[in-house]
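Coordinates as given in query.cif (mmCIF, N, CA and C atoms):
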```cif
data_run
loop_
_atom_site.label_atom_id
_atom_site.label_comp_id
_atom_site.auth_asym_id
_atom_site.auth_seq_id
_atom_site.Cartn_x
_atom_site.Cartn_y
_atom_site.Cartn_z
N GLN A 51 12.31 12.80 -9.36
CA GLN A 51 11.33 12.84 -8.29
C GLN A 51 10.35 11.70 -8.48
N VAL A 52 10.14 10.93 -7.43
CA VAL A 52 9.19 9.82 -7.47
C VAL A 52 7.78 10.35 -7.25
N GLN A 53 6.86 9.92 -8.06
CA GLN A 53 5.45 10.27 -7.89
C GLN A 53 4.63 9.00 -7.78
N LEU A 54 3.70 9.01 -6.84
CA LEU A 54 2.82 7.87 -6.60
C LEU A 54 1.38 8.34 -6.72
N VAL A 55 0.58 7.61 -7.48
CA VAL A 55 -0.82 7.99 -7.69
C VAL A 55 -1.69 6.78 -7.40
N GLU A 56 -2.53 6.89 -6.35
CA GLU A 56 -3.43 5.80 -5.99
C GLU A 56 -4.76 5.93 -6.74
N SER A 57 -5.41 4.79 -6.92
CA SER A 57 -6.75 4.76 -7.49
C SER A 57 -7.44 3.50 -7.00
N GLY A 58 -8.75 3.43 -7.23
CA GLY A 58 -9.49 2.22 -6.91
C GLY A 58 -10.33 2.29 -5.66
N GLY A 59 -10.25 3.39 -4.93
CA GLY A 59 -11.08 3.51 -3.74
C GLY A 59 -12.54 3.70 -4.10
N GLY A 60 -13.39 3.64 -3.08
CA GLY A 60 -14.81 3.83 -3.31
C GLY A 60 -15.64 3.37 -2.15
N LEU A 61 -16.94 3.26 -2.39
CA LEU A 61 -17.90 2.83 -1.39
C LEU A 61 -18.29 1.38 -1.67
N VAL A 62 -18.22 0.55 -0.64
CA VAL A 62 -18.55 -0.86 -0.80
C VAL A 62 -19.26 -1.34 0.46
N GLN A 63 -20.12 -2.33 0.31
CA GLN A 63 -20.80 -2.90 1.47
C GLN A 63 -19.88 -3.85 2.22
N ALA A 64 -20.15 -4.03 3.48
CA ALA A 64 -19.37 -4.97 4.28
C ALA A 64 -19.42 -6.35 3.63
N GLY A 65 -18.25 -7.00 3.60
CA GLY A 65 -18.13 -8.29 2.94
C GLY A 65 -17.69 -8.20 1.49
N GLY A 66 -17.70 -6.99 0.95
CA GLY A 66 -17.31 -6.80 -0.43
C GLY A 66 -15.81 -6.69 -0.62
N SER A 67 -15.42 -6.38 -1.86
CA SER A 67 -14.00 -6.32 -2.22
C SER A 67 -13.70 -5.05 -3.00
N LEU A 68 -12.46 -4.62 -2.89
CA LEU A 68 -11.93 -3.52 -3.70
C LEU A 68 -10.48 -3.84 -4.01
N ARG A 69 -9.99 -3.34 -5.13
CA ARG A 69 -8.56 -3.44 -5.43
C ARG A 69 -8.01 -2.05 -5.64
N LEU A 70 -7.08 -1.69 -4.80
CA LEU A 70 -6.40 -0.40 -4.93
C LEU A 70 -5.16 -0.56 -5.81
N SER A 71 -4.87 0.46 -6.58
CA SER A 71 -3.67 0.48 -7.40
C SER A 71 -2.86 1.72 -7.06
N CYS A 72 -1.56 1.59 -7.21
CA CYS A 72 -0.65 2.71 -6.99
C CYS A 72 0.37 2.71 -8.13
N ALA A 73 0.27 3.71 -8.99
CA ALA A 73 1.17 3.81 -10.13
C ALA A 73 2.35 4.70 -9.76
N ALA A 74 3.56 4.20 -9.99
CA ALA A 74 4.77 4.93 -9.64
C ALA A 74 5.49 5.41 -10.89
N SER A 75 6.10 6.57 -10.78
CA SER A 75 6.90 7.10 -11.88
C SER A 75 8.07 7.89 -11.29
N GLY A 76 9.09 8.10 -12.14
CA GLY A 76 10.23 8.89 -11.72
C GLY A 76 11.31 8.07 -11.03
N ARG A 77 12.35 8.77 -10.60
CA ARG A 77 13.48 8.17 -9.92
C ARG A 77 13.81 8.98 -8.67
N THR A 78 14.45 8.33 -7.71
CA THR A 78 14.92 9.04 -6.53
C THR A 78 16.15 9.89 -6.91
N PRO A 79 16.55 10.81 -6.07
CA PRO A 79 17.75 11.61 -6.36
C PRO A 79 18.99 10.77 -6.61
N SER A 80 19.03 9.56 -6.03
CA SER A 80 20.18 8.68 -6.24
C SER A 80 20.03 7.83 -7.49
N GLY A 81 18.90 7.98 -8.20
CA GLY A 81 18.70 7.26 -9.44
C GLY A 81 17.95 5.95 -9.31
N ARG A 82 17.47 5.64 -8.11
CA ARG A 82 16.76 4.37 -7.93
C ARG A 82 15.37 4.46 -8.55
N THR A 83 14.89 3.34 -9.05
CA THR A 83 13.56 3.28 -9.65
C THR A 83 12.60 2.49 -8.77
N PHE A 84 11.37 2.41 -9.24
CA PHE A 84 10.31 1.73 -8.50
C PHE A 84 10.69 0.30 -8.16
N SER A 85 11.28 -0.41 -9.10
CA SER A 85 11.52 -1.84 -8.90
C SER A 85 12.47 -2.11 -7.74
N SER A 86 13.29 -1.15 -7.37
CA SER A 86 14.26 -1.38 -6.30
C SER A 86 13.74 -0.91 -4.94
N ALA A 87 12.59 -0.29 -4.91
CA ALA A 87 12.07 0.24 -3.65
C ALA A 87 11.08 -0.72 -3.01
N ALA A 88 11.05 -0.71 -1.71
CA ALA A 88 9.96 -1.38 -1.02
C ALA A 88 8.74 -0.47 -1.12
N MET A 89 7.57 -1.08 -1.20
CA MET A 89 6.32 -0.33 -1.30
C MET A 89 5.42 -0.72 -0.14
N GLY A 90 4.72 0.25 0.37
CA GLY A 90 3.83 -0.02 1.48
C GLY A 90 2.47 0.62 1.26
N TRP A 91 1.48 0.05 1.92
CA TRP A 91 0.14 0.66 2.01
C TRP A 91 -0.11 1.00 3.47
N PHE A 92 -0.62 2.19 3.68
CA PHE A 92 -1.01 2.66 5.00
C PHE A 92 -2.43 3.18 4.91
N ARG A 93 -3.07 3.37 6.06
CA ARG A 93 -4.41 3.94 6.06
C ARG A 93 -4.57 4.87 7.25
N GLN A 94 -5.48 5.81 7.09
CA GLN A 94 -5.74 6.75 8.16
C GLN A 94 -7.23 7.02 8.25
N ALA A 95 -7.81 6.64 9.37
CA ALA A 95 -9.22 6.89 9.63
C ALA A 95 -9.37 8.25 10.32
N PRO A 96 -10.54 8.88 10.24
CA PRO A 96 -10.73 10.18 10.88
C PRO A 96 -10.40 10.14 12.37
N GLY A 97 -9.59 11.10 12.80
CA GLY A 97 -9.23 11.19 14.21
C GLY A 97 -8.20 10.20 14.68
N LYS A 98 -7.66 9.42 13.76
CA LYS A 98 -6.66 8.41 14.13
C LYS A 98 -5.35 8.65 13.41
N GLU A 99 -4.29 8.05 13.93
CA GLU A 99 -2.99 8.16 13.28
C GLU A 99 -2.93 7.26 12.06
N ARG A 100 -2.04 7.60 11.15
CA ARG A 100 -1.82 6.76 9.98
C ARG A 100 -1.20 5.45 10.44
N GLU A 101 -1.75 4.33 9.95
CA GLU A 101 -1.27 3.03 10.39
C GLU A 101 -0.88 2.15 9.21
N PHE A 102 0.04 1.24 9.52
CA PHE A 102 0.56 0.30 8.53
C PHE A 102 -0.51 -0.72 8.15
N VAL A 103 -0.56 -1.05 6.85
CA VAL A 103 -1.46 -2.09 6.37
C VAL A 103 -0.66 -3.26 5.79
N ALA A 104 0.22 -2.97 4.82
CA ALA A 104 0.97 -4.03 4.15
C ALA A 104 2.20 -3.45 3.49
N ALA A 105 3.19 -4.31 3.25
CA ALA A 105 4.41 -3.89 2.56
C ALA A 105 4.92 -5.03 1.70
N ILE A 106 5.70 -4.68 0.68
CA ILE A 106 6.26 -5.68 -0.23
C ILE A 106 7.61 -5.19 -0.72
N ARG A 107 8.56 -6.14 -0.82
CA ARG A 107 9.84 -5.79 -1.42
C ARG A 107 10.35 -6.99 -2.20
N TRP A 108 11.20 -6.68 -3.16
CA TRP A 108 11.75 -7.70 -4.03
C TRP A 108 12.72 -8.57 -3.29
N SER A 109 12.71 -9.86 -3.61
CA SER A 109 13.67 -10.80 -3.06
C SER A 109 14.38 -11.47 -4.22
N ALA A 110 15.16 -12.48 -3.95
CA ALA A 110 15.91 -13.19 -4.98
C ALA A 110 14.97 -13.84 -5.99
N GLY A 111 15.38 -13.90 -7.22
CA GLY A 111 14.57 -14.51 -8.26
C GLY A 111 13.30 -13.73 -8.48
N SER A 112 12.17 -14.38 -8.51
CA SER A 112 10.89 -13.70 -8.73
C SER A 112 10.06 -13.64 -7.46
N ALA A 113 10.69 -13.93 -6.33
CA ALA A 113 9.94 -13.96 -5.07
C ALA A 113 9.94 -12.58 -4.42
N TYR A 114 8.97 -12.35 -3.58
CA TYR A 114 8.85 -11.11 -2.85
C TYR A 114 8.62 -11.41 -1.39
N TYR A 115 9.12 -10.52 -0.55
CA TYR A 115 8.76 -10.54 0.86
C TYR A 115 7.50 -9.68 1.01
N THR A 116 6.57 -10.13 1.83
CA THR A 116 5.40 -9.33 2.15
C THR A 116 5.17 -9.35 3.65
N ASP A 117 4.51 -8.31 4.13
CA ASP A 117 4.18 -8.21 5.54
C ASP A 117 2.82 -7.53 5.65
N TYR A 118 2.06 -7.92 6.67
CA TYR A 118 0.72 -7.38 6.86
C TYR A 118 0.49 -7.09 8.34
N THR A 119 -0.32 -6.10 8.60
CA THR A 119 -0.78 -5.92 9.97
C THR A 119 -1.78 -7.02 10.28
N ASP A 120 -1.87 -7.40 11.56
CA ASP A 120 -2.70 -8.54 11.93
C ASP A 120 -4.16 -8.36 11.51
N ASP A 121 -4.66 -7.13 11.53
CA ASP A 121 -6.07 -6.87 11.24
C ASP A 121 -6.48 -7.30 9.83
N VAL A 122 -5.53 -7.34 8.90
CA VAL A 122 -5.89 -7.61 7.51
C VAL A 122 -5.36 -8.94 6.99
N LYS A 123 -4.60 -9.64 7.80
CA LYS A 123 -4.06 -10.93 7.36
C LYS A 123 -5.18 -11.88 6.97
N GLY A 124 -5.03 -12.52 5.81
CA GLY A 124 -6.05 -13.42 5.31
C GLY A 124 -7.14 -12.73 4.51
N ARG A 125 -7.20 -11.41 4.57
CA ARG A 125 -8.22 -10.66 3.82
C ARG A 125 -7.61 -9.79 2.72
N PHE A 126 -6.47 -9.20 2.99
CA PHE A 126 -5.82 -8.30 2.03
C PHE A 126 -4.60 -8.98 1.44
N THR A 127 -4.30 -8.64 0.18
CA THR A 127 -3.11 -9.16 -0.49
C THR A 127 -2.41 -8.02 -1.22
N ILE A 128 -1.14 -7.84 -0.93
CA ILE A 128 -0.34 -6.84 -1.62
C ILE A 128 0.46 -7.53 -2.73
N SER A 129 0.56 -6.88 -3.86
CA SER A 129 1.34 -7.43 -4.97
C SER A 129 1.90 -6.27 -5.78
N ARG A 130 2.80 -6.59 -6.68
CA ARG A 130 3.40 -5.53 -7.49
C ARG A 130 3.70 -6.06 -8.88
N ASP A 131 3.68 -5.15 -9.84
CA ASP A 131 4.01 -5.45 -11.23
C ASP A 131 5.10 -4.46 -11.62
N ASN A 132 6.34 -4.92 -11.65
CA ASN A 132 7.46 -4.01 -11.93
C ASN A 132 7.50 -3.58 -13.39
N VAL A 133 6.83 -4.29 -14.27
CA VAL A 133 6.76 -3.87 -15.68
C VAL A 133 5.84 -2.66 -15.78
N LYS A 134 4.73 -2.71 -15.05
CA LYS A 134 3.78 -1.60 -15.07
C LYS A 134 4.08 -0.55 -14.01
N ASN A 135 5.11 -0.79 -13.20
CA ASN A 135 5.45 0.14 -12.11
C ASN A 135 4.24 0.41 -11.22
N THR A 136 3.57 -0.65 -10.86
CA THR A 136 2.33 -0.52 -10.09
C THR A 136 2.33 -1.51 -8.94
N VAL A 137 1.82 -1.06 -7.80
CA VAL A 137 1.61 -1.94 -6.66
C VAL A 137 0.11 -1.98 -6.38
N TYR A 138 -0.38 -3.12 -5.96
CA TYR A 138 -1.81 -3.33 -5.77
C TYR A 138 -2.09 -3.74 -4.32
N LEU A 139 -3.30 -3.47 -3.89
CA LEU A 139 -3.80 -3.98 -2.62
C LEU A 139 -5.19 -4.54 -2.87
N GLN A 140 -5.27 -5.85 -2.92
CA GLN A 140 -6.56 -6.53 -3.06
C GLN A 140 -7.17 -6.67 -1.68
N MET A 141 -8.35 -6.12 -1.51
CA MET A 141 -9.01 -6.13 -0.20
C MET A 141 -10.31 -6.90 -0.31
N ASN A 142 -10.39 -8.01 0.40
CA ASN A 142 -11.57 -8.86 0.42
C ASN A 142 -12.18 -8.86 1.82
N SER A 143 -13.42 -9.32 1.89
CA SER A 143 -14.13 -9.41 3.18
C SER A 143 -14.01 -8.11 3.97
N LEU A 144 -14.29 -7.02 3.30
CA LEU A 144 -14.12 -5.71 3.93
C LEU A 144 -15.09 -5.51 5.09
N LYS A 145 -14.61 -4.78 6.08
CA LYS A 145 -15.38 -4.49 7.28
C LYS A 145 -15.54 -2.98 7.43
N PRO A 146 -16.56 -2.52 8.13
CA PRO A 146 -16.71 -1.07 8.34
C PRO A 146 -15.46 -0.43 8.96
N GLU A 147 -14.77 -1.18 9.80
CA GLU A 147 -13.57 -0.63 10.44
C GLU A 147 -12.39 -0.50 9.48
N ASP A 148 -12.54 -0.97 8.24
CA ASP A 148 -11.51 -0.76 7.22
C ASP A 148 -11.66 0.61 6.56
N THR A 149 -12.73 1.33 6.89
CA THR A 149 -12.95 2.64 6.31
C THR A 149 -11.83 3.59 6.68
N ALA A 150 -11.22 4.20 5.67
CA ALA A 150 -10.08 5.09 5.87
C ALA A 150 -9.63 5.64 4.53
N VAL A 151 -8.73 6.61 4.59
CA VAL A 151 -8.00 7.01 3.40
C VAL A 151 -6.77 6.11 3.32
N TYR A 152 -6.58 5.48 2.18
CA TYR A 152 -5.47 4.56 1.98
C TYR A 152 -4.38 5.25 1.16
N TYR A 153 -3.14 5.14 1.66
CA TYR A 153 -1.99 5.76 1.03
C TYR A 153 -0.98 4.70 0.62
N CYS A 154 -0.39 4.86 -0.55
CA CYS A 154 0.76 4.03 -0.86
C CYS A 154 2.02 4.84 -0.65
N ALA A 155 3.11 4.16 -0.42
CA ALA A 155 4.36 4.82 -0.09
C ALA A 155 5.54 4.00 -0.60
N ALA A 156 6.63 4.68 -0.89
CA ALA A 156 7.86 4.02 -1.37
C ALA A 156 8.99 4.36 -0.42
N GLY A 157 9.78 3.34 -0.08
CA GLY A 157 10.90 3.58 0.82
C GLY A 157 11.55 2.29 1.25
N LEU A 158 11.76 2.15 2.54
CA LEU A 158 12.37 0.95 3.10
C LEU A 158 11.29 -0.04 3.52
N TYR A 159 11.62 -1.30 3.53
CA TYR A 159 10.67 -2.36 3.90
C TYR A 159 10.44 -2.28 5.41
N SER A 160 9.30 -1.72 5.80
CA SER A 160 9.08 -1.40 7.20
C SER A 160 7.60 -1.18 7.43
N ALA A 161 7.20 -1.26 8.71
CA ALA A 161 5.84 -0.94 9.10
C ALA A 161 5.73 0.48 9.66
N SER A 162 6.82 1.22 9.62
CA SER A 162 6.84 2.57 10.17
C SER A 162 6.71 3.61 9.07
N THR A 163 5.86 4.61 9.30
CA THR A 163 5.73 5.69 8.33
C THR A 163 7.04 6.44 8.13
N TYR A 164 7.91 6.43 9.14
CA TYR A 164 9.16 7.19 9.07
C TYR A 164 10.14 6.60 8.05
N ASP A 165 9.94 5.35 7.66
CA ASP A 165 10.86 4.70 6.73
C ASP A 165 10.43 4.85 5.28
N TYR A 166 9.36 5.57 5.03
CA TYR A 166 8.88 5.77 3.66
C TYR A 166 9.02 7.25 3.32
N ARG A 167 9.77 7.52 2.26
CA ARG A 167 10.06 8.90 1.90
C ARG A 167 9.02 9.48 0.95
N TYR A 168 8.44 8.65 0.10
CA TYR A 168 7.53 9.13 -0.93
C TYR A 168 6.12 8.60 -0.67
N TRP A 169 5.14 9.49 -0.83
CA TRP A 169 3.76 9.17 -0.53
C TRP A 169 2.83 9.62 -1.65
N GLY A 170 1.78 8.84 -1.85
CA GLY A 170 0.72 9.26 -2.75
C GLY A 170 -0.25 10.19 -2.05
N GLN A 171 -1.25 10.63 -2.78
CA GLN A 171 -2.22 11.59 -2.24
C GLN A 171 -3.34 10.92 -1.46
N GLY A 172 -3.47 9.62 -1.60
CA GLY A 172 -4.49 8.88 -0.86
C GLY A 172 -5.75 8.64 -1.67
N THR A 173 -6.44 7.56 -1.33
CA THR A 173 -7.72 7.24 -1.96
C THR A 173 -8.68 6.78 -0.86
N GLN A 174 -9.90 7.27 -0.90
CA GLN A 174 -10.87 7.00 0.16
C GLN A 174 -11.52 5.63 -0.04
N VAL A 175 -11.55 4.85 1.01
CA VAL A 175 -12.28 3.59 1.04
C VAL A 175 -13.34 3.70 2.14
N THR A 176 -14.59 3.48 1.77
CA THR A 176 -15.69 3.53 2.73
C THR A 176 -16.45 2.23 2.68
N VAL A 177 -16.56 1.57 3.81
CA VAL A 177 -17.26 0.30 3.90
C VAL A 177 -18.51 0.51 4.74
N SER A 178 -19.67 0.27 4.14
CA SER A 178 -20.93 0.45 4.85
C SER A 178 -21.38 -0.84 5.49
N SER A 179 -22.08 -0.71 6.60
CA SER A 179 -22.53 -1.92 7.32
C SER A 179 -23.90 -2.36 6.85
#
```

Step by step, read the file and then write its structure as structure tokens.
Amino acid sequence: QVQLVESGGGLVQAGGSLRLSCAASGRTPSGRTFSSAAMGWFRQAPGKEREFVAAIRWSAGSAYYTDYTDDVKGRFTISRDNVKNTVYLQMNSLKPEDTAVYYCAAGLYSASTYDYRYWGQGTQVTVSS
């Protein structure tokens, strides 16, 4: 069973930075590990649907494919450390509208919540104006 645990959320002023971490453990029923899965970050603000933020998957050699929603391009960076089984979301130039619960997920490389089978419990990010 794959388990994902997020950390790093908190309260920050607009323009500030936070780095979220997501530690993965376990294997899928088919025996796949963290390094073979695509990882995504999603967020959900009060009264809104969960939305895609960023995703990353392994490519040939040491390269990775990454994807971002337009709202965070140039401000957020997703990365992963397969030795530590951890995926990160570096968030810079934060805005009040970035306030949400942030979730990491493991599954297929996609912007859709339906393509991610495993989810963490979420970590709260609050950006004050």

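One finds CA of Gly76 in chain A at 15.8 Å from atom N of Leu158 in chain A.
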
Worksheet item: So what does the PyMOL selection byres ((chain A and resi 61) around 6) actually pick up in this one, as a list of chain:residue names?
Response: A:Gly59, A:Gly60, A:Val62, A:Gln63, A:Val175, A:Thr176, A:Val177

Kindly export the residues of the current selection with N, CA and C atoms, as an mmCIF file, in the frame of the given file.
```
data_model
loop_
_atom_site.group_PDB
_atom_site.id
_atom_site.type_symbol
_atom_site.label_atom_id
_atom_site.label_comp_id
_atom_site.auth_asym_id
_atom_site.auth_seq_id
_atom_site.Cartn_x
_atom_site.Cartn_y
_atom_site.Cartn_z
ATOM 1 N N GLY A 59 -10.250 3.390 -4.930
ATOM 2 C CA GLY A 59 -11.080 3.510 -3.740
ATOM 3 C C GLY A 59 -12.540 3.700 -4.100
ATOM 4 N N GLY A 60 -13.390 3.640 -3.080
ATOM 5 C CA GLY A 60 -14.810 3.830 -3.310
ATOM 6 C C GLY A 60 -15.640 3.370 -2.150
ATOM 7 N N VAL A 62 -18.220 0.550 -0.640
ATOM 8 C CA VAL A 62 -18.550 -0.860 -0.800
ATOM 9 C C VAL A 62 -19.260 -1.340 0.460
ATOM 10 N N GLN A 63 -20.120 -2.330 0.310
ATOM 11 C CA GLN A 63 -20.800 -2.900 1.470
ATOM 12 C C GLN A 63 -19.880 -3.850 2.220
ATOM 13 N N VAL A 175 -11.550 4.850 1.010
ATOM 14 C CA VAL A 175 -12.280 3.590 1.040
ATOM 15 C C VAL A 175 -13.340 3.700 2.140
ATOM 16 N N THR A 176 -14.590 3.480 1.770
ATOM 17 C CA THR A 176 -15.690 3.530 2.730
ATOM 18 C C THR A 176 -16.450 2.230 2.680
ATOM 19 N N VAL A 177 -16.560 1.570 3.810
ATOM 20 C CA VAL A 177 -17.260 0.300 3.900
ATOM 21 C C VAL A 177 -18.510 0.510 4.740
#
```

Need to verify the contact set: Arg69 in chain A, 5 Å, only N, CA and C atoms, exclusion of same-chain residues closer than 2 positions in sequence. Can you return it as a short mmCIF file (atom, residue, chain, number, x, y, z; two decimals) with N, CA and C atoms, in the frame of the given file?
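The resulting file, out-v1.cif, is reproduced below:
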```cif
data_model
loop_
_atom_site.label_atom_id
_atom_site.label_comp_id
_atom_site.auth_asym_id
_atom_site.auth_seq_id
_atom_site.Cartn_x
_atom_site.Cartn_y
_atom_site.Cartn_z
N GLY A 58 -8.75 3.43 -7.23
CA GLY A 58 -9.49 2.22 -6.91
C GLY A 58 -10.33 2.29 -5.66
N SER A 67 -15.42 -6.38 -1.86
CA SER A 67 -14.00 -6.32 -2.22
C SER A 67 -13.70 -5.05 -3.00
N SER A 71 -4.87 0.46 -6.58
CA SER A 71 -3.67 0.48 -7.40
C SER A 71 -2.86 1.72 -7.06
N LEU A 139 -3.30 -3.47 -3.89
CA LEU A 139 -3.80 -3.98 -2.62
C LEU A 139 -5.19 -4.54 -2.87
N GLN A 140 -5.27 -5.85 -2.92
CA GLN A 140 -6.56 -6.53 -3.06
C GLN A 140 -7.17 -6.67 -1.68
N MET A 141 -8.35 -6.12 -1.51
CA MET A 141 -9.01 -6.13 -0.20
C MET A 141 -10.31 -6.90 -0.31
#
```

Applying 8 Å and all atoms listed in the file, which residues near Gly65 in chain A remain after dropping the ones on its own chain fewer than 6 positions away? List them as a PDB file with N, CA and C atoms, in the frame of the given file.
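around_31.pdb, written as the output of this step:
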```
ATOM      1  N   MET A 141      -8.350  -6.120  -1.510  1.00  0.00           N
ATOM      2  CA  MET A 141      -9.010  -6.130  -0.200  1.00  0.00           C
ATOM      3  C   MET A 141     -10.310  -6.900  -0.310  1.00  0.00           C
ATOM      4  N   ASN A 142     -10.390  -8.010   0.400  1.00  0.00           N
ATOM      5  CA  ASN A 142     -11.570  -8.860   0.420  1.00  0.00           C
ATOM      6  C   ASN A 142     -12.180  -8.860   1.820  1.00  0.00           C
ATOM      7  N   SER A 143     -13.420  -9.320   1.890  1.00  0.00           N
ATOM      8  CA  SER A 143     -14.130  -9.410   3.180  1.00  0.00           C
ATOM      9  C   SER A 143     -14.010  -8.110   3.970  1.00  0.00           C
ATOM     10  N   LEU A 144     -14.290  -7.020   3.300  1.00  0.00           N
ATOM     11  CA  LEU A 144     -14.120  -5.710   3.930  1.00  0.00           C
ATOM     12  C   LEU A 144     -15.090  -5.510   5.090  1.00  0.00           C
ATOM     13  N   LYS A 145     -14.610  -4.780   6.080  1.00  0.00           N
ATOM     14  CA  LYS A 145     -15.380  -4.490   7.280  1.00  0.00           C
ATOM     15  C   LYS A 145     -15.540  -2.980   7.430  1.00  0.00           C
ATOM     16  N   PRO A 146     -16.560  -2.520   8.130  1.00  0.00           N
ATOM     17  CA  PRO A 146     -16.710  -1.070   8.340  1.00  0.00           C
ATOM     18  C   PRO A 146     -15.460  -0.430   8.960  1.00  0.00           C
ATOM     19  N   VAL A 177     -16.560   1.570   3.810  1.00  0.00           N
ATOM     20  CA  VAL A 177     -17.260   0.300   3.900  1.00  0.00           C
ATOM     21  C   VAL A 177     -18.510   0.510   4.740  1.00  0.00           C
ATOM     22  N   SER A 178     -19.670   0.270   4.140  1.00  0.00           N
ATOM     23  CA  SER A 178     -20.930   0.450   4.850  1.00  0.00           C
ATOM     24  C   SER A 178     -21.380  -0.840   5.490  1.00  0.00           C
ATOM     25  N   SER A 179     -22.080  -0.710   6.600  1.00  0.00           N
ATOM     26  CA  SER A 179     -22.530  -1.920   7.320  1.00  0.00           C
ATOM     27  C   SER A 179     -23.900  -2.360   6.850  1.00  0.00           C
TER      28      SER A 179
END
```

Practice prompt. Could you tell me which residues the PyMOL selection byres (((chain A and resi 154 and name CA) around 7) and name CA) grabs in this file, written as a list of chain:residue names?
Written response: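 For this structure, the PyMOL selection byres (((chain A and resi 154 and name CA) around 7) and name CA) resolves to A:Glu56, A:Cys72, A:Gly90, A:Trp91, A:Phe92, A:Tyr152, A:Tyr153, A:Ala155, A:Trp169, A:Gly170.
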
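For Ala95 in chain A, the residues within 7 Å (counting only C-alpha atoms, excluding itself and residues fewer than 6 positions away along the chain) are Thr149, Ala150 and Val151 of chain A.
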
For those residues, write N, CA and C atoms to a file as a PDB file, in the coordinates of the input.
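Okay, this is what ended up in part-v9.pdb:
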```pdb
ATOM      1  N   THR A 149     -12.730   1.330   6.890  1.00  0.00           N
ATOM      2  CA  THR A 149     -12.950   2.640   6.310  1.00  0.00           C
ATOM      3  C   THR A 149     -11.830   3.590   6.680  1.00  0.00           C
ATOM      4  N   ALA A 150     -11.220   4.200   5.670  1.00  0.00           N
ATOM      5  CA  ALA A 150     -10.080   5.090   5.870  1.00  0.00           C
ATOM      6  C   ALA A 150      -9.630   5.640   4.530  1.00  0.00           C
ATOM      7  N   VAL A 151      -8.730   6.610   4.590  1.00  0.00           N
ATOM      8  CA  VAL A 151      -8.000   7.010   3.400  1.00  0.00           C
ATOM      9  C   VAL A 151      -6.770   6.110   3.320  1.00  0.00           C
TER      10      VAL A 151
END
```

Worksheet item: Leaving out Asn132 in chain A and any residue of its chain fewer than 3 positions from it, which residues lie within 9 Å of it when counting only C-alpha atoms, given as a list in words?
Response: Phe84, Ser85, Asn135, Thr136 and Val137 of chain A

Worksheet item: Interatomic distance between CA of Thr173 in chain A and atom N of Ser57 in chain A?
Response: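 Spanning CA of Thr173 in chain A to atom N of Ser57 in chain A is a straight-line distance of 6.0 Å.
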
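Nearest residue to Arg107 in chain A among A:Thr119, A:Gln174, A:Ser86, A:Ser75 is A:Ser86, counting all atoms listed in the file.
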